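J.: File follows, input.csv with CSV, C-alpha atoms:
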```
chain,number,residue,atom,x,y,z
A,4,MET,CA,-21.0,29.8,5.6
A,5,ASP,CA,-23.8,28.1,7.5
A,6,VAL,CA,-24.7,24.8,5.8
A,7,VAL,CA,-28.3,23.9,6.8
A,8,ILE,CA,-30.4,21.1,5.2
A,9,ASN,CA,-34.1,21.5,6.0
A,10,GLN,CA,-33.1,23.0,9.4
A,11,GLU,CA,-31.3,19.8,10.3
A,12,ARG,CA,-27.6,20.1,11.4
A,13,PHE,CA,-24.8,17.6,11.1
A,14,SER,CA,-24.6,15.1,13.9
A,15,PRO,CA,-22.1,12.5,14.9
A,16,ALA,CA,-24.2,9.9,13.0
A,17,ASP,CA,-23.4,11.8,9.8
A,18,VAL,CA,-19.6,11.4,10.2
A,19,ASN,CA,-17.4,8.6,8.9
A,20,VAL,CA,-13.7,8.2,9.8
A,21,THR,CA,-11.6,6.2,7.4
A,22,PHE,CA,-8.0,5.0,7.7
A,23,PHE,CA,-6.1,2.0,6.4
A,24,GLY,CA,-8.6,1.6,3.6
A,25,ARG,CA,-11.8,1.2,5.7
A,26,ILE,CA,-14.5,3.1,7.6
A,27,VAL,CA,-13.5,2.6,11.2
A,28,PRO,CA,-16.6,1.9,13.3
A,29,GLY,CA,-14.7,2.0,16.6
A,30,VAL,CA,-13.9,5.7,16.6
A,31,SER,CA,-15.9,7.4,19.5
A,32,GLN,CA,-14.3,10.8,19.1
A,33,ILE,CA,-11.8,12.7,16.9
A,34,ASP,CA,-10.4,16.1,17.6
A,35,TYR,CA,-7.9,17.9,15.4
A,36,LYS,CA,-6.5,21.4,14.9
A,37,GLU,CA,-4.3,23.5,12.7
A,38,ALA,CA,-2.2,26.2,14.4
A,39,GLN,CA,0.4,28.7,13.2
A,40,ASP,CA,3.2,30.5,15.0
A,41,VAL,CA,2.3,34.2,15.0
A,42,GLU,CA,4.1,37.0,16.8
A,43,GLU,CA,3.4,40.7,17.1
A,44,VAL,CA,6.0,43.1,15.8
A,45,MET,CA,6.7,45.8,18.5
A,46,VAL,CA,8.5,49.1,17.7
A,47,VAL,CA,10.0,51.8,19.8
A,48,GLY,CA,7.6,54.7,20.4
A,49,ASN,CA,4.4,52.7,20.1
A,50,ARG,CA,2.6,50.6,22.7
A,51,ASN,CA,0.6,48.8,20.0
A,52,ALA,CA,1.8,46.2,17.6
A,53,ALA,CA,3.1,47.6,14.3
A,54,GLY,CA,2.4,44.3,12.5
A,55,TRP,CA,2.7,40.5,12.5
A,56,THR,CA,5.1,37.8,11.6
A,57,SER,CA,3.9,34.4,10.7
A,58,GLY,CA,5.8,31.1,11.1
A,59,ASN,CA,5.3,27.4,10.7
A,60,PHE,CA,2.0,25.6,10.7
A,61,LYS,CA,1.5,22.8,13.3
A,62,TYR,CA,-1.1,20.1,13.2
A,63,SER,CA,-2.2,17.9,16.2
A,64,GLY,CA,-5.2,16.1,17.6
A,65,GLU,CA,-6.5,13.2,19.4
A,66,ILE,CA,-8.5,10.1,18.4
A,67,VAL,CA,-10.5,8.0,20.9
A,68,LEU,CA,-10.8,4.3,19.8
A,69,LEU,CA,-12.8,1.5,21.3
A,70,GLU,CA,-10.5,-1.0,22.9
A,71,GLU,CA,-11.1,-3.7,20.2
A,72,GLU,CA,-10.2,-1.2,17.4
A,73,TYR,CA,-7.0,-0.3,19.3
A,74,LEU,CA,-6.0,-3.9,19.8
A,75,GLY,CA,-6.5,-4.6,16.1
A,76,LEU,CA,-4.1,-1.7,15.2
A,77,LYS,CA,-1.6,-2.8,17.8
A,78,LEU,CA,-1.6,-6.4,16.5
A,79,ALA,CA,-1.2,-5.2,12.9
A,80,ALA,CA,1.7,-2.9,13.9
A,81,GLY,CA,3.6,-5.8,15.5
A,82,GLY,CA,3.0,-4.9,19.1
A,83,SER,CA,3.0,-1.0,19.3
A,84,ILE,CA,0.9,1.5,17.4
A,85,LEU,CA,3.9,3.9,17.6
A,86,LYS,CA,5.6,1.6,15.0
A,87,LEU,CA,2.9,2.4,12.4
A,88,LYS,CA,4.1,4.2,9.3
A,89,PRO,CA,2.5,7.6,8.7
A,90,PHE,CA,-1.0,7.2,7.2
A,91,PRO,CA,-4.0,9.5,6.2
A,92,ILE,CA,-7.2,9.8,8.1
A,93,THR,CA,-10.2,11.0,6.2
A,94,ILE,CA,-13.2,12.5,8.0
A,95,THR,CA,-16.4,12.6,5.9
A,96,LYS,CA,-19.7,14.3,6.8
A,97,VAL,CA,-22.6,13.2,4.6
A,98,LYS,CA,-26.1,14.7,4.8
A,99,ASP,CA,-28.8,14.5,2.1
A,100,GLY,CA,-26.4,14.3,-0.8
A,101,LEU,CA,-24.0,17.0,0.6
A,102,VAL,CA,-20.5,15.5,1.2
A,103,LEU,CA,-17.8,17.4,3.2
A,104,LYS,CA,-14.4,15.8,3.4
A,105,GLU,CA,-11.2,16.6,5.3
A,106,THR,CA,-8.0,14.6,5.2
A,107,LEU,CA,-5.3,14.5,7.9
A,108,VAL,CA,-2.1,13.9,6.0
A,109,ASN,CA,0.8,11.7,7.3
A,110,VAL,CA,-0.7,10.9,10.7
A,111,LYS,CA,1.4,9.4,13.5
A,112,PHE,CA,0.4,8.3,17.0
A,113,THR,CA,2.6,10.0,19.5
A,114,GLU,CA,1.6,8.2,22.7
A,115,SER,CA,-0.1,5.0,23.8
A,116,GLY,CA,-1.6,4.3,27.2
A,117,THR,CA,-4.4,2.9,29.2
A,118,SER,CA,-7.0,4.2,31.6
A,119,VAL,CA,-9.7,2.0,33.2
A,120,GLN,CA,-12.1,3.2,35.8
A,121,GLY,CA,-13.7,0.8,38.3
A,122,GLY,CA,-17.5,0.8,38.6
A,123,SER,CA,-18.0,2.2,35.1
A,124,VAL,CA,-20.3,0.5,32.6
A,125,SER,CA,-18.8,2.3,29.7
A,126,ALA,CA,-17.0,0.5,26.9
A,127,LEU,CA,-13.2,0.5,27.3
A,128,GLN,CA,-11.6,3.2,25.1
A,129,ARG,CA,-8.1,4.5,24.2
A,130,ARG,CA,-7.4,8.2,24.0
A,131,LEU,CA,-4.5,8.5,21.5
A,132,PRO,CA,-2.7,11.8,20.7
A,133,ILE,CA,-1.8,12.3,17.0
A,134,LYS,CA,0.4,14.7,15.0
A,135,PHE,CA,0.1,15.1,11.2
A,136,PHE,CA,1.7,17.1,8.4
A,137,ASP,CA,-1.2,18.9,6.7
A,138,LEU,CA,-5.0,19.3,6.7
A,139,LYS,CA,-6.6,19.1,3.2
```
As structure tokens, how would this structure be written, given the file I've shared?
T.:
Amino acid sequence: MDVVINQERFSPADVNVTFFGRIVPGVSQIDYKEAQDVEEVMVVGNRNAAGWTSGNFKYSGEIVLLEEEYLGLKLAAGGSILKLKPFPITITKVKDGLVLKETLVNVKFTESGTSVQGGSVSALQRRLPIKFFDLK
């Protein structure tokens, strides 16, 4: 389905990311995916797959926060964002009355680190890998 409103497409300005009860203005990027273990079933006498087996679903992603947003989370968590209890993240896209919403269920940060580049005039950001239980 191709959702087009007056030939205008969704843009990053149409997206809100919400967690811990508020729209978070310090998110500069969010990526997330759903994957499933899938294997071909091979049989004797045939070089092509005879079918498929499907396994567990896996959910992962990455969120990029401005440094100030990250420091607020770190302070609230008592010194490490890895100590935060699982929480939902809701991604909402709004355009001319159309609202599309996805929720990442039971999100956990899996790493925390820093990267600063000399000579850059960009705002400091933290790239944080996440895992979650489900995508609704």
J.: Would you mind listing what lies within 10 Å of stretch 35-40 of chain A as a list in words, with all atoms listed in the file counted and same-chain residues fewer than 3 positions away left out?
T.: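 Counting only the stated atoms, we get Thr56, Ser57, Gly58, Asn59, Phe60, Lys61, Tyr62, Ser63, Gly64, Glu65, Ile66, Leu107, Pro132, Ile133, Lys134, Phe135, Phe136, Asp137 and Leu138 of chain A.
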J.: Provide the atom CA of A:Val30 to atom CA of A:Arg130 distance in Å, to one decimal place.
T.: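 Here the two named atoms are 10.2 Å from each other.
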J.: Using only C-alpha atoms for the distances, tell me which of A:Tyr73, A:Lys86, A:Leu101, A:Thr95 is nearest to A:Leu131.
T.: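 Of all the options, A:Tyr73 lies closest to A:Leu131.
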J.: As a list in words, please: the residues near A:Thr93 (cut-off 10 Å, only C-alpha atoms, same-chain neighbours under 5 positions excluded).
T.: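 Listed by chain and then number, they are Asn19, Val20, Thr21, Phe22, Phe23, Gly24, Arg25, Ile26, Lys104, Glu105, Thr106, Leu107, Val108, Leu138 and Lys139 of chain A.
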J.: Measuring atom to atom with only C-alpha atoms, identify which of A:Val124, A:Leu103, A:Val27, A:Val110 is nearest to A:Leu68.
T.: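 Among the listed residues, the smallest separation from A:Leu68 belongs to A:Val27.
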J.: Which neighbours of stretch 13-16 of chain A fall inside 12 Å, counting all atoms listed in the file, when residues of the same chain fewer than 6 positions from it are skipped, and could you give them as a ChimeraX atom specification?
T.: /A:5-7,28,30-33,94-99,101-103
J.: Can you work out the spacing between atom CA of A:Gly75 and atom CA of A:Ser125 in Å, to one decimal?
T.: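 These atoms are spaced 19.6 Å apart.
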J.: Have a look at atom CA of A:Ile92 and atom CA of A:Asn109 and let me know their distance in Å, one decimal.
T.: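 Computing it gives 8.3 Å between the two atoms.
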J.: Check the smallest atom-to-atom distance from each of A:Ala53, A:Thr117, A:Gly122, A:Asp17 to A:Glu70 using all atoms listed in the file, then report the winner.
T.: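 Once distances to A:Glu70 are computed over all atoms listed in the file, the minimum belongs to A:Thr117.
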